$ cat structure-v6.pdb   # PDB, C-alpha atoms
ATOM      1  CA  MET A 265      82.578  84.910 114.675  1.00  0.00           C
ATOM      2  CA  ALA A 266      85.843  83.009 114.524  1.00  0.00           C
ATOM      3  CA  ILE A 267      86.501  82.978 110.801  1.00  0.00           C
ATOM      4  CA  ALA A 268      89.864  81.322 111.422  1.00  0.00           C
ATOM      5  CA  THR A 269      87.962  78.066 112.035  1.00  0.00           C
ATOM      6  CA  ALA A 270      86.575  77.957 108.481  1.00  0.00           C
ATOM      7  CA  ASN A 271      87.656  74.949 106.452  1.00  0.00           C
ATOM      8  CA  ALA A 272      86.835  76.459 103.039  1.00  0.00           C
ATOM      9  CA  ALA A 273      85.762  79.752 101.502  1.00  0.00           C
ATOM     10  CA  ARG A 274      83.695  80.981  98.587  1.00  0.00           C
ATOM     11  CA  VAL A 275      83.014  84.359  97.001  1.00  0.00           C
ATOM     12  CA  VAL A 276      79.422  85.601  96.755  1.00  0.00           C
ATOM     13  CA  ARG A 277      78.902  88.667  94.558  1.00  0.00           C
ATOM     14  CA  PHE A 278      75.842  90.787  95.278  1.00  0.00           C
ATOM     15  CA  SER A 279      75.147  90.855  91.519  1.00  0.00           C
ATOM     16  CA  ASP A 280      74.647  87.063  91.643  1.00  0.00           C
ATOM     17  CA  LEU A 281      71.916  87.403  94.268  1.00  0.00           C
ATOM     18  CA  HIS A 282      68.871  87.960  92.082  1.00  0.00           C
ATOM     19  CA  TYR A 283      66.809  89.517  94.858  1.00  0.00           C
ATOM     20  CA  LEU A 284      69.242  92.431  95.172  1.00  0.00           C
ATOM     21  CA  SER A 285      69.372  95.304  92.728  1.00  0.00           C
ATOM     22  CA  LYS A 286      71.365  98.458  92.427  1.00  0.00           C
ATOM     23  CA  GLY A 287      69.580 101.301  94.119  1.00  0.00           C
ATOM     24  CA  ALA A 288      70.344 104.435  96.028  1.00  0.00           C
ATOM     25  CA  PRO A 289      73.500 104.276  98.133  1.00  0.00           C
ATOM     26  CA  GLY A 290      72.998 103.153 101.704  1.00  0.00           C
ATOM     27  CA  PRO A 291      73.737 105.242 104.771  1.00  0.00           C
ATOM     28  CA  VAL A 292      77.287 106.308 105.552  1.00  0.00           C
ATOM     29  CA  PRO A 293      78.849 103.709 107.876  1.00  0.00           C
ATOM     30  CA  SER A 294      79.487 104.756 111.461  1.00  0.00           C
ATOM     31  CA  ALA A 295      82.981 104.775 112.972  1.00  0.00           C
ATOM     32  CA  ASP A 296      82.123 101.545 114.839  1.00  0.00           C
ATOM     33  CA  GLU A 297      80.993  99.857 111.609  1.00  0.00           C
ATOM     34  CA  LEU A 298      84.162 100.949 109.834  1.00  0.00           C
ATOM     35  CA  GLU A 299      86.296  99.567 112.685  1.00  0.00           C
ATOM     36  CA  ALA A 300      84.390  96.262 112.600  1.00  0.00           C
ATOM     37  CA  LEU A 301      85.007  96.011 108.852  1.00  0.00           C
ATOM     38  CA  ALA A 302      88.704  96.824 109.332  1.00  0.00           C
ATOM     39  CA  SER A 303      88.915  94.101 111.984  1.00  0.00           C
ATOM     40  CA  LEU A 304      87.244  91.636 109.615  1.00  0.00           C
ATOM     41  CA  HIS A 305      89.713  92.550 106.861  1.00  0.00           C
ATOM     42  CA  ARG A 306      92.642  91.952 109.236  1.00  0.00           C
ATOM     43  CA  GLN A 307      91.309  88.470 110.036  1.00  0.00           C
ATOM     44  CA  ILE A 308      90.886  87.685 106.338  1.00  0.00           C
ATOM     45  CA  ASP A 309      94.415  88.951 105.607  1.00  0.00           C
ATOM     46  CA  LYS A 310      95.846  86.432 108.095  1.00  0.00           C
ATOM     47  CA  ASN A 311      94.331  83.427 106.298  1.00  0.00           C
ATOM     48  CA  PRO A 312      96.133  82.169 103.167  1.00  0.00           C
ATOM     49  CA  THR A 313      93.089  80.153 102.034  1.00  0.00           C
ATOM     50  CA  PHE A 314      90.887  83.240 101.990  1.00  0.00           C
ATOM     51  CA  GLN A 315      93.583  85.200 100.173  1.00  0.00           C
ATOM     52  CA  THR A 316      93.848  82.465  97.519  1.00  0.00           C
ATOM     53  CA  VAL A 317      90.078  82.399  96.963  1.00  0.00           C
ATOM     54  CA  LEU A 318      89.925  86.186  96.639  1.00  0.00           C
ATOM     55  CA  LYS A 319      92.937  86.350  94.328  1.00  0.00           C
ATOM     56  CA  ALA A 320      91.464  83.636  92.067  1.00  0.00           C
ATOM     57  CA  ALA A 321      88.326  85.777  91.744  1.00  0.00           C
ATOM     58  CA  GLY A 322      90.377  88.891  90.952  1.00  0.00           C
ATOM     59  CA  LEU A 323      89.491  90.470  94.301  1.00  0.00           C
ATOM     60  CA  THR A 324      91.230  91.742  97.412  1.00  0.00           C
ATOM     61  CA  THR A 325      90.331  91.824 101.082  1.00  0.00           C
ATOM     62  CA  ASP A 326      89.123  95.406 100.656  1.00  0.00           C
ATOM     63  CA  ASP A 327      86.369  94.140  98.332  1.00  0.00           C
ATOM     64  CA  VAL A 328      84.784  92.064 101.132  1.00  0.00           C
ATOM     65  CA  VAL A 329      81.851  93.805 102.848  1.00  0.00           C
ATOM     66  CA  ALA A 330      80.484  90.898 104.926  1.00  0.00           C
ATOM     67  CA  VAL A 331      81.019  87.248 105.755  1.00  0.00           C
ATOM     68  CA  SER A 332      78.864  84.335 106.789  1.00  0.00           C
ATOM     69  CA  MET A 333      79.866  80.858 107.934  1.00  0.00           C
ATOM     70  CA  SER A 334      77.790  77.770 107.244  1.00  0.00           C
ATOM     71  CA  GLN A 335      77.351  75.015 109.799  1.00  0.00           C
ATOM     72  CA  GLY A 336      79.727  72.956 107.667  1.00  0.00           C
ATOM     73  CA  GLY A 337      82.498  75.509 108.168  1.00  0.00           C
ATOM     74  CA  VAL A 338      82.420  77.148 104.721  1.00  0.00           C
ATOM     75  CA  LEU A 339      83.009  80.888 104.875  1.00  0.00           C
ATOM     76  CA  SER A 340      81.126  83.014 102.335  1.00  0.00           C
ATOM     77  CA  LEU A 341      82.913  86.251 101.472  1.00  0.00           C
ATOM     78  CA  PHE A 342      80.320  88.774 100.276  1.00  0.00           C
ATOM     79  CA  ILE A 343      81.343  91.313  97.605  1.00  0.00           C
ATOM     80  CA  ASP A 344      79.267  94.413  96.854  1.00  0.00           C
ATOM     81  CA  ASP A 345      79.733  94.711  93.097  1.00  0.00           C
ATOM     82  CA  LEU A 346      76.489  96.553  92.357  1.00  0.00           C
TER
END

$ encode --input "structure-v6.pdb" --output "structure tokens"
Amino acid sequence: MAIATANAARVVRFSDLHYLSKGAPGPVPSADELEALASLHRQIDKNPTFQTVLKAAGLTTDDVVAVSMSQGGVLSLFIDDL
């Protein structure tokens, strides 16, 4: 996914998704998953718009656990706050 092509960004907190609830911790991420997350964080760090959105929400790149881009080019930055 080329997140650099996003034209806007928004923060989505897991606690705002009513179908999710705090439960037992998930499995320990593999080395490949950790590297993919680190790569994602590097891409987010390079984009001033994403940094501004995160800062306004009181968050940092390290708080982002996943992203999704809409067809309209809006990047959702998912935050696991459960």

$ atom_distance --input "structure-v6.pdb" --atom1 "atom CA of A:Asn311" --atom2 "atom CA of A:Leu346"
26.2 Å

$ residues_around --input "structure-v6.pdb" --residues "A:Gln307" --least-positions-apart "3" --cutoff "8 Å" --atoms "all atoms listed in the file" --output "VMD selection string"
chain A and resid 267 to 268 303 to 304 310 to 311

$ write_last_selection --input "structure-v6.pdb" --atoms "C-alpha atoms" --output "short mmCIF file (atom, residue, chain, number, x, y, z; two decimals), in the frame of the given file"
data_model
loop_
_atom_site.label_atom_id
_atom_site.label_comp_id
_atom_site.auth_asym_id
_atom_site.auth_seq_id
_atom_site.Cartn_x
_atom_site.Cartn_y
_atom_site.Cartn_z
CA ILE A 267 86.50 82.98 110.80
CA ALA A 268 89.86 81.32 111.42
CA SER A 303 88.92 94.10 111.98
CA LEU A 304 87.24 91.64 109.62
CA LYS A 310 95.85 86.43 108.10
CA ASN A 311 94.33 83.43 106.30
#

$ closest_residue --input "structure-v6.pdb" --among "A:Val276, A:Thr316, A:Pro291, A:Asp296" --to "A:Ala330" --atoms "only C-alpha atoms"
A:Val276

$ resolve_selection --input "structure-v6.pdb" --expression "the PyMOL selection byres ((chain A and resi 339) around 6)" --output "NGL selection string"
:A and (270 or 273 or 332-333 or 338 or 340)

$ residues_around --input "structure-v6.pdb" --residues "stretch 324-327 of chain A" --least-positions-apart "6" --cutoff "9 Å" --atoms "only C-alpha atoms" --output "PyMOL selection string"
chain A and resi 302+305-306+308-309+314-315+318+342-345

$ atom_distance --input "structure-v6.pdb" --atom1 "atom CA of A:Arg277" --atom2 "atom CA of A:Ser294"
23.3 Å

$ closest_residue --input "structure-v6.pdb" --among "A:Leu298, A:Val331, A:Ala320, A:Leu341" --to "A:Val275" --atoms "all atoms listed in the file"
A:Leu341

$ atom_distance --input "structure-v6.pdb" --atom1 "atom CA of A:Ser279" --atom2 "atom CA of A:Gly337"
23.8 Å
